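Enquirer: One structure, pasted below without further comment.
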Amino acid sequence: MSFWETITGSDLTREWKVFEARAEALPADYQAAWQQIKGHLFPYGDFTGRNLMPILDAALGLLEEASADGQSVHEVLGDDIHGFCAALAGGEGARTYRDRWREQLNRTVARKLARLGG
């Protein structure tokens, strides 16, 4: 990956197009599950989403294998897609971007209040 690709994110765009092409080859119920997986994993991403690419690749690979084996989406993912995604991202309680922003905001407010108070 070149510096230019890192700055512009063009490598991510190419990779994302490959993911979407792979997902389009899946049956409809698997495509719906892919959409849900993406939606549940995005909060765990960093600013660029680069950290999610290997996780998304693995999740899509799992869906492709299960589809090829003739398994249903329910057999593979169960009832709790959100829990499945949390486990993929590092377990329940893994920090999301919202958590990181909230912590940063709290630190900033505490610092400002400390300046005002003393």
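Order determines the names: the first chain of the structure tokens is A, the second B, and so forth; residues in each chain are numbered 1 upward, and ligands are numbered 1 upward as they are shown.
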Find the spatial neighbours of Gly39 of chain A, counting only C-alpha atoms, within a cut-off of 12 Å - ignore same-chain residues fewer than 2 positions away - and output them as a ChimeraX atom specification.
Expert: /A:32-37,41-45,52,56,81-82,85-86
Enquirer: Write a file of the selected residues as a PDB file, in the first residue's frame, keeping C-alpha atoms.
Expert:
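Saved the output as result.pdb:
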```pdb
ATOM      1  CA  ALA A  32     -29.556  -9.567   4.035  1.00  0.00           C
ATOM      2  CA  ALA A  33     -27.350 -11.038   6.763  1.00  0.00           C
ATOM      3  CA  TRP A  34     -24.301  -9.350   5.188  1.00  0.00           C
ATOM      4  CA  GLN A  35     -26.089  -5.986   5.343  1.00  0.00           C
ATOM      5  CA  GLN A  36     -26.858  -6.541   9.031  1.00  0.00           C
ATOM      6  CA  ILE A  37     -23.291  -7.624   9.781  1.00  0.00           C
ATOM      7  CA  LEU A  41     -19.646  -3.882  12.797  1.00  0.00           C
ATOM      8  CA  PHE A  42     -19.249  -0.280  11.641  1.00  0.00           C
ATOM      9  CA  PRO A  43     -19.433   1.198  15.159  1.00  0.00           C
ATOM     10  CA  TYR A  44     -16.299  -0.803  16.034  1.00  0.00           C
ATOM     11  CA  GLY A  45     -14.313   0.780  13.223  1.00  0.00           C
ATOM     12  CA  LEU A  52     -12.549  -3.728  10.065  1.00  0.00           C
ATOM     13  CA  LEU A  56     -15.418  -8.149   7.262  1.00  0.00           C
ATOM     14  CA  ILE A  81     -26.389 -11.095  14.803  1.00  0.00           C
ATOM     15  CA  HIS A  82     -25.474  -8.145  17.030  1.00  0.00           C
ATOM     16  CA  CYS A  85     -20.647  -9.044  15.433  1.00  0.00           C
ATOM     17  CA  ALA A  86     -19.619  -7.951  18.934  1.00  0.00           C
TER      18      ALA A  86
END
```
Enquirer: Please identify all polymer residues within 12 Å of segment 4-17 of chain A, counting only C-alpha atoms, omitting same-chain residues fewer than 4 positions from it, and present them as a list in words.
Expert: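 So the residues in contact are Ala21, Arg22, Ala23, Glu24, Lys38, Phe47, Thr48, Gly49, Arg50, Asn51, Leu52, Met53, Pro54, Leu56, Asp57 and Leu60 of chain A.
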